[in-house]
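A.B. asks: I am sharing entry.pdb, which consists of PDB, C-alpha atoms:
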```pdb
ATOM      1  CA  MET P 290     -30.463  35.936  72.267  1.00  0.00           C
ATOM      2  CA  ALA P 291     -27.384  35.663  70.081  1.00  0.00           C
ATOM      3  CA  HIS P 292     -27.047  32.058  71.159  1.00  0.00           C
ATOM      4  CA  ALA P 293     -30.644  31.267  70.050  1.00  0.00           C
ATOM      5  CA  ALA P 294     -30.112  32.844  66.598  1.00  0.00           C
ATOM      6  CA  SER P 295     -26.907  30.874  66.125  1.00  0.00           C
ATOM      7  CA  SER P 296     -28.684  27.652  67.107  1.00  0.00           C
ATOM      8  CA  ASP P 297     -31.545  28.325  64.643  1.00  0.00           C
ATOM      9  CA  ARG P 298     -29.102  28.689  61.736  1.00  0.00           C
ATOM     10  CA  ARG P 299     -27.424  25.376  62.540  1.00  0.00           C
ATOM     11  CA  ASN P 300     -30.732  23.476  62.678  1.00  0.00           C
ATOM     12  CA  ARG P 301     -32.009  24.726  59.331  1.00  0.00           C
ATOM     13  CA  ALA P 302     -31.526  22.595  56.237  1.00  0.00           C
ATOM     14  CA  PRO P 303     -29.166  24.132  53.699  1.00  0.00           C
ATOM     15  CA  THR P 304     -30.863  25.984  50.867  1.00  0.00           C
ATOM     16  CA  VAL P 305     -30.890  23.896  47.709  1.00  0.00           C
ATOM     17  CA  PRO P 306     -31.134  25.746  44.406  1.00  0.00           C
ATOM     18  CA  PRO P 307     -34.187  24.781  42.321  1.00  0.00           C
ATOM     19  CA  ARG P 308     -33.634  22.027  39.791  1.00  0.00           C
ATOM     20  CA  GLY P 309     -34.366  22.799  36.198  1.00  0.00           C
ATOM     21  CA  PRO P 310     -36.048  20.376  33.800  1.00  0.00           C
ATOM     22  CA  ILE P 311     -33.904  17.708  32.159  1.00  0.00           C
ATOM     23  CA  PRO P 312     -34.685  17.444  28.439  1.00  0.00           C
ATOM     24  CA  THR P 313     -35.331  13.764  27.795  1.00  0.00           C
ATOM     25  CA  TRP P 314     -35.760  12.141  24.402  1.00  0.00           C
ATOM     26  CA  TYR P 315     -37.812   8.937  24.123  1.00  0.00           C
ATOM     27  CA  PHE P 316     -37.370   6.386  21.355  1.00  0.00           C
ATOM     28  CA  ALA P 317     -39.313   3.233  20.497  1.00  0.00           C
ATOM     29  CA  LEU P 318     -37.722   0.440  18.426  1.00  0.00           C
ATOM     30  CA  VAL P 319     -39.117  -2.928  17.390  1.00  0.00           C
ATOM     31  CA  VAL P 320     -37.575  -6.288  16.600  1.00  0.00           C
ATOM     32  CA  VAL P 321     -40.205  -7.682  14.225  1.00  0.00           C
ATOM     33  CA  ARG P 322     -39.855 -11.410  13.742  1.00  0.00           C
ATOM     34  CA  ARG P 323     -41.571 -13.637  11.192  1.00  0.00           C
ATOM     35  CA  GLY P 324     -40.414 -17.210  11.671  1.00  0.00           C
ATOM     36  CA  HIS P 325     -36.633 -17.245  11.395  1.00  0.00           C
ATOM     37  CA  ARG P 326     -36.491 -13.866   9.632  1.00  0.00           C
ATOM     38  CA  PHE P 327     -36.231 -10.358  11.075  1.00  0.00           C
ATOM     39  CA  LEU P 328     -37.660  -7.178   9.556  1.00  0.00           C
ATOM     40  CA  LEU P 329     -34.907  -4.629   8.969  1.00  0.00           C
ATOM     41  CA  THR P 330     -35.040  -1.232   7.351  1.00  0.00           C
ATOM     42  CA  GLN P 331     -32.318   0.344   5.265  1.00  0.00           C
ATOM     43  CA  GLU P 332     -31.945   3.804   6.691  1.00  0.00           C
ATOM     44  CA  ARG P 333     -31.792   6.928   4.596  1.00  0.00           C
ATOM     45  CA  LYS P 334     -29.405   8.397   7.189  1.00  0.00           C
ATOM     46  CA  TYR P 335     -26.371   6.802   8.787  1.00  0.00           C
ATOM     47  CA  GLY P 336     -24.700   5.714   5.548  1.00  0.00           C
ATOM     48  CA  ALA P 337     -27.596   3.587   4.263  1.00  0.00           C
ATOM     49  CA  THR P 338     -26.992   1.021   7.004  1.00  0.00           C
ATOM     50  CA  TRP P 339     -29.586  -1.527   8.116  1.00  0.00           C
ATOM     51  CA  SER P 340     -31.348  -1.474  11.464  1.00  0.00           C
ATOM     52  CA  ILE P 341     -34.550  -2.404  13.218  1.00  0.00           C
ATOM     53  CA  PRO P 342     -37.417   0.057  12.706  1.00  0.00           C
ATOM     54  CA  GLY P 343     -37.792   2.742  15.311  1.00  0.00           C
ATOM     55  CA  GLY P 344     -37.713   6.414  16.060  1.00  0.00           C
ATOM     56  CA  ARG P 345     -38.613   9.247  18.379  1.00  0.00           C
ATOM     57  CA  VAL P 346     -41.829   9.264  20.377  1.00  0.00           C
ATOM     58  CA  GLU P 347     -43.893  12.331  19.489  1.00  0.00           C
ATOM     59  CA  PRO P 348     -45.611  14.533  22.112  1.00  0.00           C
ATOM     60  CA  GLY P 349     -48.854  12.919  23.311  1.00  0.00           C
ATOM     61  CA  GLU P 350     -47.886   9.514  21.878  1.00  0.00           C
ATOM     62  CA  THR P 351     -47.307   6.390  23.957  1.00  0.00           C
ATOM     63  CA  LEU P 352     -44.174   4.329  23.538  1.00  0.00           C
ATOM     64  CA  ALA P 353     -46.263   1.457  22.142  1.00  0.00           C
ATOM     65  CA  SER P 354     -48.131   3.567  19.583  1.00  0.00           C
ATOM     66  CA  ALA P 355     -44.857   5.185  18.480  1.00  0.00           C
ATOM     67  CA  ALA P 356     -43.336   1.729  17.990  1.00  0.00           C
ATOM     68  CA  ILE P 357     -46.212   0.548  15.796  1.00  0.00           C
ATOM     69  CA  ARG P 358     -46.184   3.821  13.816  1.00  0.00           C
ATOM     70  CA  GLU P 359     -42.437   3.652  13.199  1.00  0.00           C
ATOM     71  CA  VAL P 360     -42.596   0.057  11.920  1.00  0.00           C
ATOM     72  CA  LEU P 361     -45.334   1.002   9.446  1.00  0.00           C
ATOM     73  CA  GLU P 362     -43.619   4.220   8.306  1.00  0.00           C
ATOM     74  CA  GLU P 363     -40.185   2.709   7.825  1.00  0.00           C
ATOM     75  CA  THR P 364     -41.110  -0.724   6.461  1.00  0.00           C
ATOM     76  CA  GLY P 365     -44.698  -0.564   5.205  1.00  0.00           C
ATOM     77  CA  VAL P 366     -45.551  -3.582   7.385  1.00  0.00           C
ATOM     78  CA  PRO P 367     -48.402  -3.350   9.918  1.00  0.00           C
ATOM     79  CA  ALA P 368     -47.229  -4.922  13.163  1.00  0.00           C
ATOM     80  CA  LYS P 369     -48.341  -5.735  16.684  1.00  0.00           C
ATOM     81  CA  LEU P 370     -46.265  -5.681  19.824  1.00  0.00           C
ATOM     82  CA  ASP P 371     -45.675  -8.941  21.687  1.00  0.00           C
ATOM     83  CA  GLY P 372     -43.530  -7.743  24.570  1.00  0.00           C
ATOM     84  CA  VAL P 373     -40.622  -5.653  25.806  1.00  0.00           C
ATOM     85  CA  LEU P 374     -37.018  -6.741  25.255  1.00  0.00           C
ATOM     86  CA  ARG P 375     -35.099  -3.851  26.841  1.00  0.00           C
ATOM     87  CA  VAL P 376     -35.478  -0.475  28.467  1.00  0.00           C
ATOM     88  CA  GLU P 377     -32.350   1.656  28.066  1.00  0.00           C
ATOM     89  CA  HIS P 378     -31.489   4.916  29.810  1.00  0.00           C
ATOM     90  CA  SER P 379     -28.561   7.036  28.667  1.00  0.00           C
ATOM     91  CA  PRO P 380     -28.032  10.076  30.901  1.00  0.00           C
ATOM     92  CA  GLY P 381     -25.933  12.946  29.641  1.00  0.00           C
ATOM     93  CA  GLU P 382     -24.634  16.192  31.079  1.00  0.00           C
ATOM     94  CA  ALA P 383     -27.569  18.308  29.886  1.00  0.00           C
ATOM     95  CA  SER P 384     -30.136  15.786  28.628  1.00  0.00           C
ATOM     96  CA  ALA P 385     -31.105  12.123  28.694  1.00  0.00           C
ATOM     97  CA  ARG P 386     -32.313   9.478  26.283  1.00  0.00           C
ATOM     98  CA  ILE P 387     -34.649   6.571  26.986  1.00  0.00           C
ATOM     99  CA  ARG P 388     -35.157   3.775  24.468  1.00  0.00           C
ATOM    100  CA  VAL P 389     -37.602   0.910  24.691  1.00  0.00           C
ATOM    101  CA  ILE P 390     -36.956  -2.034  22.405  1.00  0.00           C
ATOM    102  CA  PHE P 391     -40.071  -4.089  21.773  1.00  0.00           C
ATOM    103  CA  LEU P 392     -40.563  -7.526  20.270  1.00  0.00           C
ATOM    104  CA  GLY P 393     -43.231  -7.562  17.587  1.00  0.00           C
ATOM    105  CA  SER P 394     -44.738  -9.592  14.793  1.00  0.00           C
ATOM    106  CA  PRO P 395     -46.442  -8.700  11.506  1.00  0.00           C
ATOM    107  CA  LEU P 396     -50.233  -8.426  11.507  1.00  0.00           C
ATOM    108  CA  ASP P 397     -50.510  -9.924   8.027  1.00  0.00           C
ATOM    109  CA  ASP P 398     -48.494 -10.984   4.970  1.00  0.00           C
ATOM    110  CA  THR P 399     -47.803  -7.450   3.722  1.00  0.00           C
ATOM    111  CA  GLU P 400     -44.417  -7.405   2.030  1.00  0.00           C
ATOM    112  CA  PRO P 401     -41.900  -4.775   3.171  1.00  0.00           C
ATOM    113  CA  LYS P 402     -41.618  -1.682   1.024  1.00  0.00           C
ATOM    114  CA  THR P 403     -38.946  -1.604  -1.651  1.00  0.00           C
ATOM    115  CA  VAL P 404     -39.376   1.952  -2.965  1.00  0.00           C
ATOM    116  CA  PRO P 405     -37.339   4.628  -1.154  1.00  0.00           C
ATOM    117  CA  ASP P 406     -39.207   7.464   0.551  1.00  0.00           C
ATOM    118  CA  ASP P 407     -38.578  10.078   3.255  1.00  0.00           C
ATOM    119  CA  GLU P 408     -38.507   7.402   5.968  1.00  0.00           C
ATOM    120  CA  SER P 409     -36.170   4.769   4.526  1.00  0.00           C
ATOM    121  CA  LEU P 410     -34.545   3.339   1.422  1.00  0.00           C
ATOM    122  CA  GLY P 411     -36.509   0.108   1.803  1.00  0.00           C
ATOM    123  CA  ALA P 412     -36.984  -2.853   4.106  1.00  0.00           C
ATOM    124  CA  ALA P 413     -36.671  -6.636   4.022  1.00  0.00           C
ATOM    125  CA  TYR P 414     -37.175  -9.781   6.067  1.00  0.00           C
ATOM    126  CA  LEU P 415     -33.683 -11.192   6.533  1.00  0.00           C
ATOM    127  CA  THR P 416     -32.219 -14.330   8.107  1.00  0.00           C
ATOM    128  CA  LEU P 417     -29.366 -14.024  10.584  1.00  0.00           C
ATOM    129  CA  ASP P 418     -26.952 -15.200   7.873  1.00  0.00           C
ATOM    130  CA  GLU P 419     -28.204 -12.469   5.506  1.00  0.00           C
ATOM    131  CA  ILE P 420     -27.960  -9.897   8.311  1.00  0.00           C
ATOM    132  CA  ARG P 421     -24.316 -10.844   8.890  1.00  0.00           C
ATOM    133  CA  GLU P 422     -23.602  -9.778   5.291  1.00  0.00           C
ATOM    134  CA  ARG P 423     -25.233  -6.315   5.587  1.00  0.00           C
ATOM    135  CA  PRO P 424     -23.737  -3.094   6.916  1.00  0.00           C
ATOM    136  CA  LEU P 425     -25.518  -2.547  10.232  1.00  0.00           C
ATOM    137  CA  ARG P 426     -26.035   0.732  12.052  1.00  0.00           C
ATOM    138  CA  GLY P 427     -24.553  -0.674  15.250  1.00  0.00           C
ATOM    139  CA  ALA P 428     -22.428  -3.717  16.078  1.00  0.00           C
ATOM    140  CA  GLU P 429     -24.742  -4.712  18.938  1.00  0.00           C
ATOM    141  CA  LEU P 430     -27.736  -5.121  16.618  1.00  0.00           C
ATOM    142  CA  ARG P 431     -26.521  -8.518  15.407  1.00  0.00           C
ATOM    143  CA  VAL P 432     -26.067  -9.689  19.012  1.00  0.00           C
ATOM    144  CA  LEU P 433     -29.564  -8.460  19.927  1.00  0.00           C
ATOM    145  CA  LEU P 434     -31.147 -10.379  17.039  1.00  0.00           C
ATOM    146  CA  GLU P 435     -29.154 -13.538  17.818  1.00  0.00           C
ATOM    147  CA  THR P 436     -30.304 -13.290  21.442  1.00  0.00           C
ATOM    148  CA  VAL P 437     -33.931 -13.013  20.315  1.00  0.00           C
ATOM    149  CA  ALA P 438     -33.459 -15.983  17.965  1.00  0.00           C
ATOM    150  CA  ASP P 439     -32.080 -17.982  20.913  1.00  0.00           C
ATOM    151  CA  GLY P 440     -35.242 -17.317  22.935  1.00  0.00           C
ATOM    152  CA  CYS P 441     -34.284 -14.509  25.308  1.00  0.00           C
ATOM    153  CA  GLN P 442     -36.597 -13.291  28.049  1.00  0.00           C
ATOM    154  CA  VAL P 443     -39.461 -11.104  26.858  1.00  0.00           C
ATOM    155  CA  PHE P 444     -41.249  -8.916  29.382  1.00  0.00           C
ATOM    156  CA  PRO P 445     -45.010  -8.265  29.225  1.00  0.00           C
ATOM    157  CA  LEU P 446     -46.221  -5.032  27.622  1.00  0.00           C
ATOM    158  CA  GLU P 447     -47.855  -4.154  30.957  1.00  0.00           C
ATOM    159  CA  LEU P 448     -44.345  -3.361  32.197  1.00  0.00           C
ATOM    160  CA  LEU P 449     -44.885   0.039  30.529  1.00  0.00           C
ATOM    161  CA  GLY P 450     -47.990   1.276  32.274  1.00  0.00           C
ATOM    162  CA  THR P 451     -49.294   4.803  32.503  1.00  0.00           C
ATOM    163  CA  GLU P 452     -48.168   6.852  35.452  1.00  0.00           C
ATOM    164  CA  MET P 453     -49.695   5.848  38.785  1.00  0.00           C
ATOM    165  CA  SER P 454     -50.436   8.334  41.555  1.00  0.00           C
ATOM    166  CA  VAL P 455     -48.043   6.907  44.115  1.00  0.00           C
TER     167      VAL P 455
END
```
Show this structure as structure tokens.
C.D. replies:
Amino acid sequence: MAHAASSDRRNRAPTVPPRGPIPTWYFALVVVRRGHRFLLTQERKYGATWSIPGGRVEPGETLASAAIREVLEETGVPAKLDGVLRVEHSPGEASARIRVIFLGSPLDDTEPKTVPDDESLGAAYLTLDEIRERPLRGAELRVLLETVADGCQVFPLELLGTEMSV
């Protein structure tokens, strides 16, 4: 009998403690292009640097709807999404961050806002040469915009589908 009990313990899988939820923040950003110009926003935070419009996805909001909302809030320009440029995942010790960078275009000829508000200090359509002269939020932004200008691969919006039951 002792031999049977010993054998049962060896054949059982080890007990794994339950995994807790991993807080994950989602962000949607958009490279809006009109001809050879890119729509940038001058941020109220981060030392008044320039960046592409974007921000956190709110509960119940899709990545795509957050992207369109952020462009309008930060620049005053209504936009549509044309595709996906990148999906980024940054895991941390206690949380994670996922960013989707879309490619978009303006819906009409609305000029970017120039009056500061809670969202930004203003926005402008800038050429790559003009962008090189501005303080940017991150050094990789210039490279991203140059890559888009050079015709990088753009993935279809369908890449970001709703969850399937698989």
A.B. asks: With only C-alpha atoms as the atoms that count, which of P:Leu415, P:Pro424, P:Leu448, P:Leu433 lies nearest to Gly324 in chain P?
C.D. replies: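 Smallest separation from Gly324 in chain P among the options: P:Leu415.
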A.B. asks: Which residues are near range 348-362 of chain P? Cut-off 8 Å, all atoms listed in the file, ignore same chain within fewer than 6 positions. Put them as a PyMOL selection string.
C.D. replies: chain P and resi 315-319+342+368-370+389+391+408
A.B. asks: Would you write out, as a PyMOL selection string, every residue that the PyMOL selection byres ((chain P and resi 329) around 9) captures in this file?
C.D. replies: chain P and resi 320-321+327-328+330-331+339-342+364+411-415+420
A.B. asks: What would the file look like if the residues just selected were written as a PDB file, in the coordinates of the input with C-alpha atoms?
C.D. replies:
```
ATOM      1  CA  VAL P 320     -37.575  -6.288  16.600  1.00  0.00           C
ATOM      2  CA  VAL P 321     -40.205  -7.682  14.225  1.00  0.00           C
ATOM      3  CA  PHE P 327     -36.231 -10.358  11.075  1.00  0.00           C
ATOM      4  CA  LEU P 328     -37.660  -7.178   9.556  1.00  0.00           C
ATOM      5  CA  THR P 330     -35.040  -1.232   7.351  1.00  0.00           C
ATOM      6  CA  GLN P 331     -32.318   0.344   5.265  1.00  0.00           C
ATOM      7  CA  TRP P 339     -29.586  -1.527   8.116  1.00  0.00           C
ATOM      8  CA  SER P 340     -31.348  -1.474  11.464  1.00  0.00           C
ATOM      9  CA  ILE P 341     -34.550  -2.404  13.218  1.00  0.00           C
ATOM     10  CA  PRO P 342     -37.417   0.057  12.706  1.00  0.00           C
ATOM     11  CA  THR P 364     -41.110  -0.724   6.461  1.00  0.00           C
ATOM     12  CA  GLY P 411     -36.509   0.108   1.803  1.00  0.00           C
ATOM     13  CA  ALA P 412     -36.984  -2.853   4.106  1.00  0.00           C
ATOM     14  CA  ALA P 413     -36.671  -6.636   4.022  1.00  0.00           C
ATOM     15  CA  TYR P 414     -37.175  -9.781   6.067  1.00  0.00           C
ATOM     16  CA  LEU P 415     -33.683 -11.192   6.533  1.00  0.00           C
ATOM     17  CA  ILE P 420     -27.960  -9.897   8.311  1.00  0.00           C
TER      18      ILE P 420
END
```
A.B. asks: Set the distance at 10 Å and use all atoms listed in the file: which residues neighbour Asp398 in chain P once local chain neighbours fewer than 6 positions away are removed? I'd like the list as a list in words.
C.D. replies: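 My list of contacting residues is Arg323, Val366 and Pro367 of chain P.
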A.B. asks: For the selection just defined, write its residues with C-alpha atoms to a file, as a PDB file, in the coordinates of the input.
C.D. replies:
```pdb
ATOM      1  CA  ARG P 323     -41.571 -13.637  11.192  1.00  0.00           C
ATOM      2  CA  VAL P 366     -45.551  -3.582   7.385  1.00  0.00           C
ATOM      3  CA  PRO P 367     -48.402  -3.350   9.918  1.00  0.00           C
TER       4      PRO P 367
END
```
A.B. asks: Given the choices P:Val437, P:Leu410, P:Val455, P:Ala337, which gets closest to Val373 in chain P if the distance is worked out from all atoms listed in the file?
C.D. replies: P:Val437
A.B. asks: With 12 Å as the threshold, what does the neighbourhood of (-20.2, 6.9, 6.0) contain in terms of residues, counting all atoms listed in the file? Coordinates are those of the file; answer as a PyMOL selection string.
C.D. replies: chain P and resi 333-338+424-426
A.B. asks: One decimal, Å: what's the distance from CA of Asp371 in chain P over to CA of Thr436 in chain P, could you say?
C.D. replies: 16.0 Å
A.B. asks: So how far away is CA of Gly450 in chain P from CA of Ala383 in chain P, in Å?
C.D. replies: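 Pair CA of Ala383 in chain P / CA of Gly450 in chain P returns 26.7 Å.
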A.B. asks: Rank nothing, just name the residue among P:Leu449, P:Glu332, P:Thr403, P:Arg388 nearest to Val346 in chain P, using only C-alpha atoms.
C.D. replies: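 Among the listed residues, P:Arg388 lies closest to Val346 in chain P.
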A.B. asks: Tell me, in Å to one decimal, how far CA of Pro380 in chain P is from CA of Arg308 in chain P.
C.D. replies: 15.9 Å
A.B. asks: List the neighbours of Glu382 in chain P out to 12 Å using all atoms listed in the file; skip same-chain residues closer than 5 positions along the sequence, and give me the result as a list of chain:residue names.
C.D. replies: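 What passes the distance filter is P:Ile311, P:Pro312, P:Thr313.
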A.B. asks: For the PyMOL selection byres ((chain P and resi 418) around 12), applied here, can you spell out every residue it catches as a list in words?
C.D. replies: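 Expected selection for the PyMOL selection byres ((chain P and resi 418) around 12) here is His325, Arg326, Phe327, Tyr414, Leu415, Thr416, Leu417, Glu419, Ile420, Arg421, Glu422, Arg423, Arg431, Leu434 and Glu435 of chain P.
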A.B. asks: Once N, CA and C atoms are restored for range 352-381 of chain P, what would the output be as an mmCIF file, in the frame of the given file?
C.D. replies:
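Output below, filename selection25.cif:
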```
data_model
loop_
_atom_site.group_PDB
_atom_site.id
_atom_site.type_symbol
_atom_site.label_atom_id
_atom_site.label_comp_id
_atom_site.auth_asym_id
_atom_site.auth_seq_id
_atom_site.Cartn_x
_atom_site.Cartn_y
_atom_site.Cartn_z
ATOM 1 N N LEU P 352 -45.298 5.088 24.087
ATOM 2 C CA LEU P 352 -44.174 4.329 23.538
ATOM 3 C C LEU P 352 -44.667 3.245 22.590
ATOM 4 N N ALA P 353 -45.738 2.548 22.970
ATOM 5 C CA ALA P 353 -46.263 1.457 22.142
ATOM 6 C C ALA P 353 -46.818 1.974 20.815
ATOM 7 N N SER P 354 -47.579 3.059 20.844
ATOM 8 C CA SER P 354 -48.131 3.567 19.583
ATOM 9 C C SER P 354 -47.025 4.122 18.688
ATOM 10 N N ALA P 355 -45.997 4.715 19.282
ATOM 11 C CA ALA P 355 -44.857 5.185 18.480
ATOM 12 C C ALA P 355 -44.152 4.012 17.812
ATOM 13 N N ALA P 356 -44.003 2.912 18.546
ATOM 14 C CA ALA P 356 -43.336 1.729 17.990
ATOM 15 C C ALA P 356 -44.089 1.197 16.773
ATOM 16 N N ILE P 357 -45.391 1.055 16.901
ATOM 17 C CA ILE P 357 -46.212 0.548 15.796
ATOM 18 C C ILE P 357 -46.169 1.506 14.608
ATOM 19 N N ARG P 358 -46.245 2.811 14.879
ATOM 20 C CA ARG P 358 -46.184 3.821 13.816
ATOM 21 C C ARG P 358 -44.851 3.757 13.081
ATOM 22 N N GLU P 359 -43.763 3.672 13.824
ATOM 23 C CA GLU P 359 -42.437 3.652 13.199
ATOM 24 C C GLU P 359 -42.241 2.423 12.312
ATOM 25 N N VAL P 360 -42.713 1.268 12.753
ATOM 26 C CA VAL P 360 -42.596 0.057 11.920
ATOM 27 C C VAL P 360 -43.327 0.274 10.599
ATOM 28 N N LEU P 361 -44.550 0.796 10.663
ATOM 29 C CA LEU P 361 -45.334 1.002 9.446
ATOM 30 C C LEU P 361 -44.673 2.048 8.541
ATOM 31 N N GLU P 362 -44.227 3.171 9.122
ATOM 32 C CA GLU P 362 -43.619 4.220 8.306
ATOM 33 C C GLU P 362 -42.335 3.757 7.632
ATOM 34 N N GLU P 363 -41.504 3.058 8.362
ATOM 35 C CA GLU P 363 -40.185 2.709 7.825
ATOM 36 C C GLU P 363 -40.173 1.447 6.980
ATOM 37 N N THR P 364 -41.139 0.554 7.187
ATOM 38 C CA THR P 364 -41.110 -0.724 6.461
ATOM 39 C C THR P 364 -42.344 -0.989 5.609
ATOM 40 N N GLY P 365 -43.443 -0.292 5.903
ATOM 41 C CA GLY P 365 -44.698 -0.564 5.205
ATOM 42 C C GLY P 365 -45.444 -1.766 5.754
ATOM 43 N N VAL P 366 -44.950 -2.371 6.816
ATOM 44 C CA VAL P 366 -45.551 -3.582 7.385
ATOM 45 C C VAL P 366 -46.342 -3.224 8.649
ATOM 46 N N PRO P 367 -47.649 -3.537 8.664
ATOM 47 C CA PRO P 367 -48.402 -3.350 9.918
ATOM 48 C C PRO P 367 -47.985 -4.419 10.924
ATOM 49 N N ALA P 368 -47.748 -3.993 12.157
ATOM 50 C CA ALA P 368 -47.229 -4.922 13.163
ATOM 51 C C ALA P 368 -47.987 -4.773 14.474
ATOM 52 N N LYS P 369 -47.829 -5.787 15.317
ATOM 53 C CA LYS P 369 -48.341 -5.735 16.684
ATOM 54 C C LYS P 369 -47.168 -5.976 17.621
ATOM 55 N N LEU P 370 -47.322 -5.508 18.836
ATOM 56 C CA LEU P 370 -46.265 -5.681 19.824
ATOM 57 C C LEU P 370 -46.563 -6.904 20.679
ATOM 58 N N ASP P 371 -45.526 -7.708 20.908
ATOM 59 C CA ASP P 371 -45.675 -8.941 21.687
ATOM 60 C C ASP P 371 -45.035 -8.850 23.064
ATOM 61 N N GLY P 372 -44.180 -7.874 23.282
ATOM 62 C CA GLY P 372 -43.530 -7.743 24.570
ATOM 63 C C GLY P 372 -42.410 -6.723 24.526
ATOM 64 N N VAL P 373 -41.715 -6.603 25.653
ATOM 65 C CA VAL P 373 -40.622 -5.653 25.806
ATOM 66 C C VAL P 373 -39.318 -6.447 25.971
ATOM 67 N N LEU P 374 -38.325 -6.096 25.162
ATOM 68 C CA LEU P 374 -37.018 -6.741 25.255
ATOM 69 C C LEU P 374 -36.070 -5.981 26.186
ATOM 70 N N ARG P 375 -36.045 -4.667 26.064
ATOM 71 C CA ARG P 375 -35.099 -3.851 26.841
ATOM 72 C C ARG P 375 -35.665 -2.464 27.090
ATOM 73 N N VAL P 376 -35.270 -1.891 28.196
ATOM 74 C CA VAL P 376 -35.478 -0.475 28.467
ATOM 75 C C VAL P 376 -34.088 0.086 28.746
ATOM 76 N N GLU P 377 -33.688 1.089 27.960
ATOM 77 C CA GLU P 377 -32.350 1.656 28.066
ATOM 78 C C GLU P 377 -32.429 3.128 28.466
ATOM 79 N N HIS P 378 -31.558 3.524 29.369
ATOM 80 C CA HIS P 378 -31.489 4.916 29.810
ATOM 81 C C HIS P 378 -30.061 5.397 29.647
ATOM 82 N N SER P 379 -29.887 6.474 28.903
ATOM 83 C CA SER P 379 -28.561 7.036 28.667
ATOM 84 C C SER P 379 -28.537 8.480 29.153
ATOM 85 N N PRO P 380 -28.088 8.700 30.397
ATOM 86 C CA PRO P 380 -28.032 10.076 30.901
ATOM 87 C C PRO P 380 -26.834 10.820 30.337
ATOM 88 N N GLY P 381 -27.020 12.095 30.100
ATOM 89 C CA GLY P 381 -25.933 12.946 29.641
ATOM 90 C C GLY P 381 -25.780 14.132 30.569
#
```
